[in-house]
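Chemist: Once you've had a glance at the structure underneath, I'll fire off some questions.
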Amino acid sequence: MLGGNNIEIHETAFVTSTFRATDVKLSRDHFAYLWNNPKTEKWVEEYLTKVSSEESFTHCLRNRYFLEKINEHVSENRIEVLINFGAGFSMYPFLLDQNITHIEIDKPEIVEYKKMKIEQWQKEALLPKRNIHFVGVDFSKEYKEGLLATINSVKGIKKCFILIEGVLFFLDREETDGLFQLFNLVQDTGDIIGSASFQDEIKESLVFKKLMSFFGDNISKASASEYQTIPNEYYRNIENYSLIDHQDYFSLSKTYYHKIELEKELILNENFYMLQKVGS
Ligand SMILES: C[S@@+](CC[C@H](N)C(=O)[O-])C[C@H]1O[C@@H](n2cnc3c(N)ncnc32)[C@H](O)[C@@H]1O
């Protein structure tokens, strides 16, 4: 799973989990530590030094925000199925009510590895049992018909929340449009999407240049144009959906009492959106 010296796109899932494990009080992900390993710890240390020391907190707050929002909707009986696109090694199934059904979608190598590790940790009683369906697909290939059939067979007419975090940066606009069209086919009126992405302006910042330089040395893709940023208007204009919440790292830091140490231009400020289906 952890190949050569470079970071493959799917291996970024290890990095995100390691960040989440660094401040469990902030992330509330008390299972993230299970994915820790020496190779990722070395990357993370380098990343925090060369790109931005605030990055572990940005990832902790992202998890906290989506976890709390999903929990709110669960307690109001508005979610029965959580569908996580590009789920990586996130641990929501174990942090949420045990009655929720989970569909975890990611590249085949990620879901196979995650399933194997989770079964092992459940046998060792490190994790509780949960109802999780793992689906391996690549959003850059032909996948829609098969995935829609699989989702429908698990979800039926149940209410669902779709989560896509830490993924759109690695996809292009056509692939993103395709995903949101699929979400519309999967969801019914009242269902919710949670999405995370960066705005276009970030590409002008010093911290983004540092990120590109770090990626250039360590990751398979290299130029800034290969990474997607998304303006607010994109979310405002998604057909059949209404934007019901928009946060960023700065607003979440206030909400969850996190003290920011760095100057603004040294922070990779991610934006977080909640969309509710209003039409069909
Ligand atoms: C930075 S990780 C984020 C994982 C998780 N959402 C989280 O927040 O912890 C990005 C994830 O997107 C997945 N991903 C990227 N491109 C993909 C593609 N074309 N098809 C399927 N999954 C993809 C990767 O495999 C990886 O698990």
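Quick note on naming: the chains in the structure tokens go A, B, ... in the order shown, residues restart at 1 in each chain, and ligands are numbered from 1 in order of appearance.
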Could you write out, as an MDAnalysis selection string, all the residues of stretch 47-224 of chain A that DSSP marks as alpha helix (DSSP H)?

Modeler: chainID A and resid 47:50 55:75 92:95 108:123 144:155 173:186 206:218

Chemist: Which residues of stretch 13-78 of chain A come within 12 Å of stretch 266-280 of chain A, and for each one, what is the closest pair of atoms and their distance in Å to one decimal, counting only C-alpha atoms, sorted by chain and residue number, as a Markdown table?

Modeler:
| residue | atom | partner | partner_atom | distance |
| --- | --- | --- | --- | --- |
| A:Leu48 | CA | A:Ile267 | CA | 11.0 |
| A:Thr49 | CA | A:Leu266 | CA | 11.5 |
| A:Lys50 | CA | A:Leu266 | CA | 10.8 |
| A:Val51 | CA | A:Leu266 | CA | 8.1 |
| A:Ser52 | CA | A:Leu266 | CA | 6.3 |
| A:Ser53 | CA | A:Ile267 | CA | 8.3 |
| A:Glu54 | CA | A:Ile267 | CA | 6.4 |
| A:Glu55 | CA | A:Leu268 | CA | 7.2 |
| A:Ser56 | CA | A:Leu268 | CA | 10.8 |
| A:Phe57 | CA | A:Ile267 | CA | 10.3 |
| A:Thr58 | CA | A:Glu270 | CA | 7.6 |
| A:His59 | CA | A:Glu270 | CA | 9.2 |
| A:Cys60 | CA | A:Glu270 | CA | 12.0 |
| A:Leu61 | CA | A:Glu270 | CA | 10.2 |
| A:Arg62 | CA | A:Phe272 | CA | 7.8 |
| A:Asn63 | CA | A:Phe272 | CA | 10.7 |
| A:Arg64 | CA | A:Phe272 | CA | 11.6 |
| A:Tyr65 | CA | A:Phe272 | CA | 8.6 |
| A:Phe66 | CA | A:Phe272 | CA | 8.8 |
| A:Lys69 | CA | A:Met274 | CA | 9.1 |
| A:Ile70 | CA | A:Met274 | CA | 10.4 |
| A:His73 | CA | A:Gln276 | CA | 11.8 |
| A:Arg78 | CA | A:Gln276 | CA | 11.6 |

Chemist: Once you have the residues from the selection above, write them out as a PDB file, in the first residue's frame, restricted to N, CA and C atoms.

Modeler:
ATOM      1  N   LEU A  48       4.694  19.567   7.404  1.00  0.00           N
ATOM      2  CA  LEU A  48       4.388  20.614   8.392  1.00  0.00           C
ATOM      3  C   LEU A  48       5.499  21.664   8.435  1.00  0.00           C
ATOM      4  N   THR A  49       6.728  21.251   8.198  1.00  0.00           N
ATOM      5  CA  THR A  49       7.849  22.189   8.210  1.00  0.00           C
ATOM      6  C   THR A  49       7.911  22.990   6.911  1.00  0.00           C
ATOM      7  N   LYS A  50       7.753  22.290   5.781  1.00  0.00           N
ATOM      8  CA  LYS A  50       7.994  22.961   4.488  1.00  0.00           C
ATOM      9  C   LYS A  50       6.768  23.671   3.933  1.00  0.00           C
ATOM     10  N   VAL A  51       5.555  23.230   4.293  1.00  0.00           N
ATOM     11  CA  VAL A  51       4.345  23.833   3.701  1.00  0.00           C
ATOM     12  C   VAL A  51       3.646  24.738   4.721  1.00  0.00           C
ATOM     13  N   SER A  52       3.124  24.162   5.788  1.00  0.00           N
ATOM     14  CA  SER A  52       2.412  24.977   6.787  1.00  0.00           C
ATOM     15  C   SER A  52       2.205  24.181   8.065  1.00  0.00           C
ATOM     16  N   SER A  53       2.641  24.760   9.181  1.00  0.00           N
ATOM     17  CA  SER A  53       2.518  24.049  10.458  1.00  0.00           C
ATOM     18  C   SER A  53       1.059  23.992  10.931  1.00  0.00           C
ATOM     19  N   GLU A  54       0.165  24.737  10.260  1.00  0.00           N
ATOM     20  CA  GLU A  54      -1.248  24.758  10.674  1.00  0.00           C
ATOM     21  C   GLU A  54      -2.034  23.594  10.049  1.00  0.00           C
ATOM     22  N   GLU A  55      -1.384  22.839   9.136  1.00  0.00           N
ATOM     23  CA  GLU A  55      -2.109  21.840   8.356  1.00  0.00           C
ATOM     24  C   GLU A  55      -2.747  20.712   9.170  1.00  0.00           C
ATOM     25  N   SER A  56      -2.111  20.318  10.275  1.00  0.00           N
ATOM     26  CA  SER A  56      -2.745  19.250  11.059  1.00  0.00           C
ATOM     27  C   SER A  56      -4.080  19.762  11.619  1.00  0.00           C
ATOM     28  N   PHE A  57      -4.108  21.049  12.025  1.00  0.00           N
ATOM     29  CA  PHE A  57      -5.349  21.605  12.608  1.00  0.00           C
ATOM     30  C   PHE A  57      -6.424  21.802  11.546  1.00  0.00           C
ATOM     31  N   THR A  58      -6.022  22.169  10.318  1.00  0.00           N
ATOM     32  CA  THR A  58      -7.044  22.346   9.267  1.00  0.00           C
ATOM     33  C   THR A  58      -7.759  21.014   9.029  1.00  0.00           C
ATOM     34  N   HIS A  59      -6.998  19.928   9.060  1.00  0.00           N
ATOM     35  CA  HIS A  59      -7.618  18.615   8.840  1.00  0.00           C
ATOM     36  C   HIS A  59      -8.437  18.164  10.042  1.00  0.00           C
ATOM     37  N   CYS A  60      -7.972  18.499  11.248  1.00  0.00           N
ATOM     38  CA  CYS A  60      -8.742  18.146  12.463  1.00  0.00           C
ATOM     39  C   CYS A  60     -10.091  18.862  12.444  1.00  0.00           C
ATOM     40  N   LEU A  61     -10.067  20.156  12.092  1.00  0.00           N
ATOM     41  CA  LEU A  61     -11.311  20.939  12.113  1.00  0.00           C
ATOM     42  C   LEU A  61     -12.277  20.496  11.023  1.00  0.00           C
ATOM     43  N   ARG A  62     -11.739  20.067   9.889  1.00  0.00           N
ATOM     44  CA  ARG A  62     -12.608  19.569   8.813  1.00  0.00           C
ATOM     45  C   ARG A  62     -13.386  18.341   9.292  1.00  0.00           C
ATOM     46  N   ASN A  63     -12.675  17.430   9.935  1.00  0.00           N
ATOM     47  CA  ASN A  63     -13.324  16.219  10.462  1.00  0.00           C
ATOM     48  C   ASN A  63     -14.376  16.579  11.509  1.00  0.00           C
ATOM     49  N   ARG A  64     -14.001  17.504  12.392  1.00  0.00           N
ATOM     50  CA  ARG A  64     -14.888  17.922  13.489  1.00  0.00           C
ATOM     51  C   ARG A  64     -16.184  18.513  12.942  1.00  0.00           C
ATOM     52  N   TYR A  65     -16.042  19.401  11.939  1.00  0.00           N
ATOM     53  CA  TYR A  65     -17.204  20.072  11.352  1.00  0.00           C
ATOM     54  C   TYR A  65     -18.156  19.040  10.726  1.00  0.00           C
ATOM     55  N   PHE A  66     -17.623  18.173   9.854  1.00  0.00           N
ATOM     56  CA  PHE A  66     -18.508  17.218   9.197  1.00  0.00           C
ATOM     57  C   PHE A  66     -19.083  16.221  10.205  1.00  0.00           C
ATOM     58  N   LYS A  69     -21.891  18.032  12.072  1.00  0.00           N
ATOM     59  CA  LYS A  69     -23.045  18.285  11.196  1.00  0.00           C
ATOM     60  C   LYS A  69     -23.797  16.982  10.917  1.00  0.00           C
ATOM     61  N   ILE A  70     -23.038  15.931  10.610  1.00  0.00           N
ATOM     62  CA  ILE A  70     -23.693  14.645  10.319  1.00  0.00           C
ATOM     63  C   ILE A  70     -24.431  14.173  11.572  1.00  0.00           C
ATOM     64  N   HIS A  73     -27.756  15.909  12.060  1.00  0.00           N
ATOM     65  CA  HIS A  73     -28.795  15.392  11.163  1.00  0.00           C
ATOM     66  C   HIS A  73     -29.226  13.984  11.571  1.00  0.00           C
ATOM     67  N   ARG A  78     -32.587  12.478  10.114  1.00  0.00           N
ATOM     68  CA  ARG A  78     -32.561  12.883   8.716  1.00  0.00           C
ATOM     69  C   ARG A  78     -31.488  12.146   7.908  1.00  0.00           C
TER      70      ARG A  78
END

Chemist: Hey, which residues sit close to ligand 1? Say within 8 Å, counting only C-alpha atoms and all ligand atoms, and write them as an mmCIF file with C-alpha atoms, in the first residue's frame.

Modeler:
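Result went into selection_31.cif, see below:
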data_model
loop_
_atom_site.group_PDB
_atom_site.id
_atom_site.type_symbol
_atom_site.label_atom_id
_atom_site.label_comp_id
_atom_site.auth_asym_id
_atom_site.auth_seq_id
_atom_site.Cartn_x
_atom_site.Cartn_y
_atom_site.Cartn_z
ATOM 1 C CA ILE A 9 -2.514 10.308 -4.789
ATOM 2 C CA HIS A 10 -4.265 7.455 -2.942
ATOM 3 C CA GLU A 11 -1.547 7.521 -0.256
ATOM 4 C CA THR A 12 -2.584 11.079 0.700
ATOM 5 C CA ALA A 13 -5.282 9.299 2.730
ATOM 6 C CA PHE A 14 -2.585 8.203 5.196
ATOM 7 C CA VAL A 15 -1.369 11.789 5.512
ATOM 8 C CA THR A 16 -4.885 13.099 6.247
ATOM 9 C CA SER A 17 -5.436 10.446 8.927
ATOM 10 C CA HIS A 59 -7.618 18.615 8.840
ATOM 11 C CA ARG A 62 -12.608 19.569 8.813
ATOM 12 C CA ASN A 63 -13.324 16.219 10.462
ATOM 13 C CA ASN A 84 -18.461 8.883 1.539
ATOM 14 C CA PHE A 85 -16.864 9.570 -1.867
ATOM 15 C CA GLY A 86 -13.062 9.290 -1.693
ATOM 16 C CA ALA A 87 -13.431 8.122 1.906
ATOM 17 C CA GLY A 88 -9.753 7.306 2.315
ATOM 18 C CA PHE A 89 -9.081 6.179 5.892
ATOM 19 C CA SER A 90 -11.641 8.426 7.564
ATOM 20 C CA ILE A 105 -16.125 4.651 -2.083
ATOM 21 C CA ASP A 106 -12.505 5.091 -3.118
ATOM 22 C CA LYS A 107 -9.921 3.631 -5.469
ATOM 23 C CA ILE A 110 -7.653 1.900 -0.856
ATOM 24 C CA GLY A 136 -13.753 0.405 -5.344
ATOM 25 C CA VAL A 137 -13.989 2.825 -8.302
ATOM 26 C CA ASP A 138 -11.850 5.427 -10.040
ATOM 27 C CA PHE A 139 -13.725 8.707 -10.627
ATOM 28 C CA SER A 140 -11.448 9.392 -13.612
ATOM 29 C CA LYS A 141 -12.683 6.276 -15.437
ATOM 30 C CA ILE A 164 -16.810 14.451 -0.439
ATOM 31 C CA GLU A 165 -13.785 15.912 1.391
ATOM 32 C CA GLY A 166 -10.144 16.154 0.376
ATOM 33 C CA VAL A 167 -10.898 14.731 -3.071
ATOM 34 C CA LEU A 168 -11.964 17.458 -5.540
ATOM 35 C CA PHE A 170 -7.260 15.906 -7.331
ATOM 36 C CA LEU A 171 -10.092 15.795 -9.908
#

Chemist: Near A:Asn218, within 9 Å and counting only C-alpha atoms, which residues show up once chain neighbours fewer than 5 positions away are dropped, as a compact mmCIF listing (two decimals) with N, CA and C atoms, in the first residue's frame?

Modeler:
# COMPACT_ATOMS: atom_id res chain seq x y z
N ASN A 5 9.32 6.07 -2.77
CA ASN A 5 9.57 7.27 -1.97
C ASN A 5 8.57 8.38 -2.23
N ASN A 6 8.01 8.41 -3.47
CA ASN A 6 7.01 9.43 -3.80
C ASN A 6 5.67 9.11 -3.15
N ILE A 7 4.83 10.19 -2.96
CA ILE A 7 3.49 9.97 -2.43
C ILE A 7 2.55 9.81 -3.62
N GLU A 8 1.88 8.67 -3.72
CA GLU A 8 0.86 8.49 -4.76
C GLU A 8 -0.41 9.17 -4.25
N TRP A 43 6.73 11.90 6.15
CA TRP A 43 6.16 12.87 5.19
C TRP A 43 5.48 14.02 5.92
N SER A 213 5.73 23.25 -4.44
CA SER A 213 7.14 22.88 -4.41
C SER A 213 7.31 21.54 -3.67

Chemist: Identify which of the residues A:Ile103, A:Cys160, A:Met91, A:Ala149 lies closest to A:Leu127, counting only C-alpha atoms when measuring atom-to-atom distances.

Modeler: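 The answer is A:Met91, which sits nearest to A:Leu127.
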
Chemist: Taking only C-alpha atoms into account, name the residue in A:Lys264, A:His102, A:Lys259, A:His133 that is nearest to A:Leu206.

Modeler: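 Smallest distance to A:Leu206 is found for A:Lys264.
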
Chemist: Can you list, as a PyMOL selection string, all residues belonging to stretch 187-274 of chain A that DSSP tags as strand (DSSP E)?

Modeler: chain A and resi 192-197+241-248+271-274

Chemist: Give me the residues within 10 Å of A:His258 as a PyMOL selection string, counting only C-alpha atoms and dropping any in the same chain fewer than 5 places off.

Modeler: chain A and resi 26+57+61+249-253

Chemist: Would you mind telling me which residue in A:Ser195, A:Lys129, A:Glu265, A:Phe169 lies nearest to A:Lys209 when using only C-alpha atoms?

Modeler: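 That would be A:Glu265, the residue with the smallest distance to A:Lys209.
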
Chemist: With only C-alpha atoms as the atoms that count, which of A:Asp172, A:Glu109, A:Asp191, A:Glu263 lies nearest to A:Ser242?

Modeler: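 Going through A:Asp172, A:Glu109, A:Asp191, A:Glu263 one by one, the smallest distance to A:Ser242 is for A:Asp191.
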
Chemist: From the list A:Ile260, A:Leu67, A:Leu179, A:Ile230, which residue is nearest A:Ala196 when using only C-alpha atoms?

Modeler: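 Of all the options, A:Ile230 lies closest to A:Ala196.
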
Chemist: Write out as a PyMOL selection string the residues lying within 12 Å of A:Arg130, counting only C-alpha atoms and excluding same-chain residues fewer than 3 positions away.

Modeler: chain A and resi 91-103+115+118-119+122+127+133-134

Chemist: If you measure from atom CA of A:Ala21 to atom CA of A:Leu34, what distance in Å do you get, rounded to one decimal?

Modeler: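 If I compute the distance from atom CA of A:Ala21 to atom CA of A:Leu34, I get 8.7 Å.
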
Chemist: Might you pull out every residue within 12 Å of A:Met212, with only C-alpha atoms counted and same-chain residues fewer than 3 positions away left off, and present them as a ChimeraX atom specification?

Modeler: /A:47,50-51,202-209,215-227,268
